[in-house]
Amino acid sequence: MAAEGFLEVENLEAIITRIEQKSRKIESLLKQSKPVEALKTALEGSPLKTRDERCKSANWIVVHRAIMAIKDVDGMLASLDPEYYDILMKYLYRGLATGDRPTCDQCLRIHEKLTERAGLGCILRSLADTVNTV
Amino acid sequence: MHNLQANTLRLYLTCIRNTLEAAMCLQNFPCQEVERHNKPEVELKTSPELLLNPVLICRNEAEKCLIETSINSIRISMKVKQADELENILAKKFLRFLSMRAEAFQVLRRKPVQGYDISFLITNYHCEDMHKHKLIDFIVQFMEDIDKEISELKLSVNTRGRLVATEFLKQFI
């Protein structure tokens with residue numbers, strides 16, 4: 001049990017390093033005006049299984065940066081792979097919980113369009129999934 | 001500016017409507033702990049496997065809506081916009097008036113959840129007796145109307161105050 005705990009700590013450090021690398025990649029993608037790629041990079045490899053708050057917050061900051069950079073929501077959803085819909089929905093709900101006006105505006109805008117595309121099942125999966133959380 | 005506000009309101013209500021449509025899948029579930037009891041699990045929160053993730057939808061710093069679902073019940077709590085002291089008092093009195101008469105509304109909760117202005121509790125029995133889409137229409141319509149009601153109340157309080165003051169001060173002219 002102690003060994004597993006030790007492994008978990010190792011993994012956490014690895015996760016945080018990965019998130020920092022992601023953050024740098026996203027900044028460069030945004031400078032090249034590629035917001036959709038930036039969002040894909042941010043959503044990929046999200047630490048969903050871990051329970052550590054630091055990792056989740058670090059990833060949220062990165063995803064938040066990518067979400068706020070989106071200007072064309074329809075275009076973004078058209079080019080985003082469906083496998084990312086569920087993770088994006090979970091992060092949208094996290095954004096809506098913040099209460100920060102610009103974040104909520106952006107998340108509400110994307111939520112409407114994402115629900116049209118992905119359906120109510122996507123919302124229900126984000127409510128029902130207690131294993132993979134953001 | 002007005003257009004922008006109307007648009008965010010529309011998006012906010014759409015988000016709540018979609019979330020409710022997905023979350024309101026309720027079925028009868030007799031209590032696991034006590035024989036022959038049937039309780040709304042969202043209120044008790046004793047068994048985590050019966051609860052879904054609660055969802056908080058904020059429109060801005062002042063307005064938010066908390067939706068908590070369980071296997072047989074859903075609890076929706078709202079915080080309404082209160083721009084100044086007067087709206088604060090009016091909202092509190094008006095919503096307390098409604099909450100006291102919760103029996104008539106059936107789906108209203110007598111006391112709002114801590115931190116919110118008003119709460120609804122919808123159980124599987126309500127979903128069996130009433131149409132699900134109508135229940136959701138009611139909640140969303142309620143949210144839309146509450147803002148209008150409080151604005152109207154504020155307007156009538158100010159008008160009446162002005163009339164009373166004018167009449168009273170006439171004697172000093």
# chains A, B, ... in the order shown; residues from 1 in each chain; ligands from 1
$ interface_residues --of "chain B" --to "chain A" --cutoff "9 Å" --atoms "only C-alpha atoms" --output "list of chain:residue names"
B:Thr8, B:Leu11, B:Tyr12, B:Thr14, B:Cys15, B:Asn18, B:Thr19, B:Glu21, B:Ala22, B:Ala23, B:Leu51, B:Leu52, B:Asn53, B:Pro54, B:Val55, B:Leu56, B:Ile57, B:Cys58, B:Arg59, B:Asn60, B:Glu61, B:Ala62, B:Glu63, B:Lys64, B:Thr69
$ select_by_dssp --residues "segment 41-70 of chain B" --states "strand (DSSP E or B)" --output "list in words"
Leu51, Val55, Leu56, Ile57, Cys58, Lys64, Cys65, Leu66, Ile67, Glu68, Thr69 and Ser70 of chain B
$ residues_around --residues "Pro35 of chain A" --least-positions-apart "6" --cutoff "7 Å" --atoms "only C-alpha atoms" --output "PyMOL selection string"
chain A and resi 29+66+69-70
$ atom_distance --atom1 "atom CA of Ser23 of chain A" --atom2 "atom CA of Val131 of chain A"
24.9 Å
$ closest_residue --among "B:Ala102, B:Asp129, B:Phe94, B:Glu68" --to "Ser151 of chain B" --atoms "only C-alpha atoms"
B:Phe94
$ select_by_dssp --residues "segment 30-119 of chain A" --states "helix (DSSP H, G or I)" --output "PyMOL selection string"
chain A and resi 30-31+35-43+53-68+73-79+82-98+101-118
$ write_last_selection --atoms "C-alpha atoms" --output "mmCIF file, in the first residue's frame"
data_model
loop_
_atom_site.group_PDB
_atom_site.id
_atom_site.type_symbol
_atom_site.label_atom_id
_atom_site.label_comp_id
_atom_site.auth_asym_id
_atom_site.auth_seq_id
_atom_site.Cartn_x
_atom_site.Cartn_y
_atom_site.Cartn_z
ATOM 1 C CA LEU A 30 -2.308 30.203 -29.829
ATOM 2 C CA LYS A 31 0.416 32.535 -31.100
ATOM 3 C CA PRO A 35 -7.191 27.781 -31.231
ATOM 4 C CA VAL A 36 -8.761 24.411 -32.190
ATOM 5 C CA GLU A 37 -5.418 22.560 -32.059
ATOM 6 C CA ALA A 38 -4.715 24.318 -28.775
ATOM 7 C CA LEU A 39 -8.002 23.041 -27.337
ATOM 8 C CA LYS A 40 -7.314 19.494 -28.598
ATOM 9 C CA THR A 41 -3.876 19.559 -26.976
ATOM 10 C CA ALA A 42 -5.370 20.861 -23.739
ATOM 11 C CA LEU A 43 -8.066 18.162 -23.570
ATOM 12 C CA GLU A 53 -6.652 18.568 -6.676
ATOM 13 C CA ARG A 54 -3.365 20.200 -7.763
ATOM 14 C CA CYS A 55 -3.211 18.203 -11.011
ATOM 15 C CA LYS A 56 -6.844 18.860 -11.762
ATOM 16 C CA SER A 57 -6.490 22.596 -11.100
ATOM 17 C CA ALA A 58 -3.308 22.787 -13.185
ATOM 18 C CA ASN A 59 -5.037 21.086 -16.107
ATOM 19 C CA TRP A 60 -8.118 23.260 -15.671
ATOM 20 C CA ILE A 61 -5.998 26.415 -15.982
ATOM 21 C CA VAL A 62 -4.565 25.122 -19.253
ATOM 22 C CA VAL A 63 -7.968 24.097 -20.650
ATOM 23 C CA HIS A 64 -9.477 27.406 -19.520
ATOM 24 C CA ARG A 65 -6.819 29.308 -21.459
ATOM 25 C CA ALA A 66 -7.654 27.320 -24.590
ATOM 26 C CA ILE A 67 -11.437 27.697 -24.152
ATOM 27 C CA MET A 68 -11.256 31.476 -23.701
ATOM 28 C CA VAL A 73 -17.550 28.105 -31.724
ATOM 29 C CA ASP A 74 -19.287 26.413 -34.690
ATOM 30 C CA GLY A 75 -16.021 26.022 -36.581
ATOM 31 C CA MET A 76 -14.294 24.681 -33.514
ATOM 32 C CA LEU A 77 -16.927 22.017 -32.869
ATOM 33 C CA ALA A 78 -17.002 21.036 -36.542
ATOM 34 C CA SER A 79 -13.292 20.223 -36.487
ATOM 35 C CA PRO A 82 -16.282 13.435 -31.122
ATOM 36 C CA GLU A 83 -14.085 11.580 -28.631
ATOM 37 C CA TYR A 84 -13.318 14.944 -27.000
ATOM 38 C CA TYR A 85 -16.977 15.952 -26.565
ATOM 39 C CA ASP A 86 -17.394 14.277 -23.169
ATOM 40 C CA ILE A 87 -14.225 15.762 -21.667
ATOM 41 C CA LEU A 88 -15.074 19.179 -23.065
ATOM 42 C CA MET A 89 -18.561 19.004 -21.507
ATOM 43 C CA LYS A 90 -17.056 18.193 -18.095
ATOM 44 C CA TYR A 91 -14.690 21.139 -18.353
ATOM 45 C CA LEU A 92 -17.565 23.407 -19.449
ATOM 46 C CA TYR A 93 -19.426 22.561 -16.248
ATOM 47 C CA ARG A 94 -16.294 23.305 -14.270
ATOM 48 C CA GLY A 95 -16.091 26.654 -16.033
ATOM 49 C CA LEU A 96 -19.749 27.397 -15.306
ATOM 50 C CA ALA A 97 -19.149 26.723 -11.620
ATOM 51 C CA THR A 98 -16.479 29.413 -11.356
ATOM 52 C CA ARG A 101 -18.523 36.479 -15.926
ATOM 53 C CA PRO A 102 -16.369 36.149 -19.100
ATOM 54 C CA THR A 103 -15.705 32.452 -18.396
ATOM 55 C CA CYS A 104 -19.415 31.776 -17.853
ATOM 56 C CA ASP A 105 -20.383 33.687 -21.011
ATOM 57 C CA GLN A 106 -17.946 31.661 -23.104
ATOM 58 C CA CYS A 107 -18.902 28.354 -21.488
ATOM 59 C CA LEU A 108 -22.628 29.018 -21.953
ATOM 60 C CA ARG A 109 -22.031 29.817 -25.612
ATOM 61 C CA ILE A 110 -20.090 26.596 -26.203
ATOM 62 C CA HIS A 111 -22.488 24.522 -24.044
ATOM 63 C CA GLU A 112 -25.472 25.343 -26.250
ATOM 64 C CA LYS A 113 -23.677 24.380 -29.453
ATOM 65 C CA LEU A 114 -22.043 21.292 -27.950
ATOM 66 C CA THR A 115 -25.405 20.020 -26.668
ATOM 67 C CA GLU A 116 -26.874 20.454 -30.169
ATOM 68 C CA ARG A 117 -24.024 18.360 -31.569
ATOM 69 C CA ALA A 118 -23.433 15.779 -28.887
#
$ residues_around --residues "Ser73 of chain B" --least-positions-apart "5" --cutoff "10 Å" --atoms "only C-alpha atoms" --output "ChimeraX atom specification"
/B:23-29,39-43,51,68,121-127
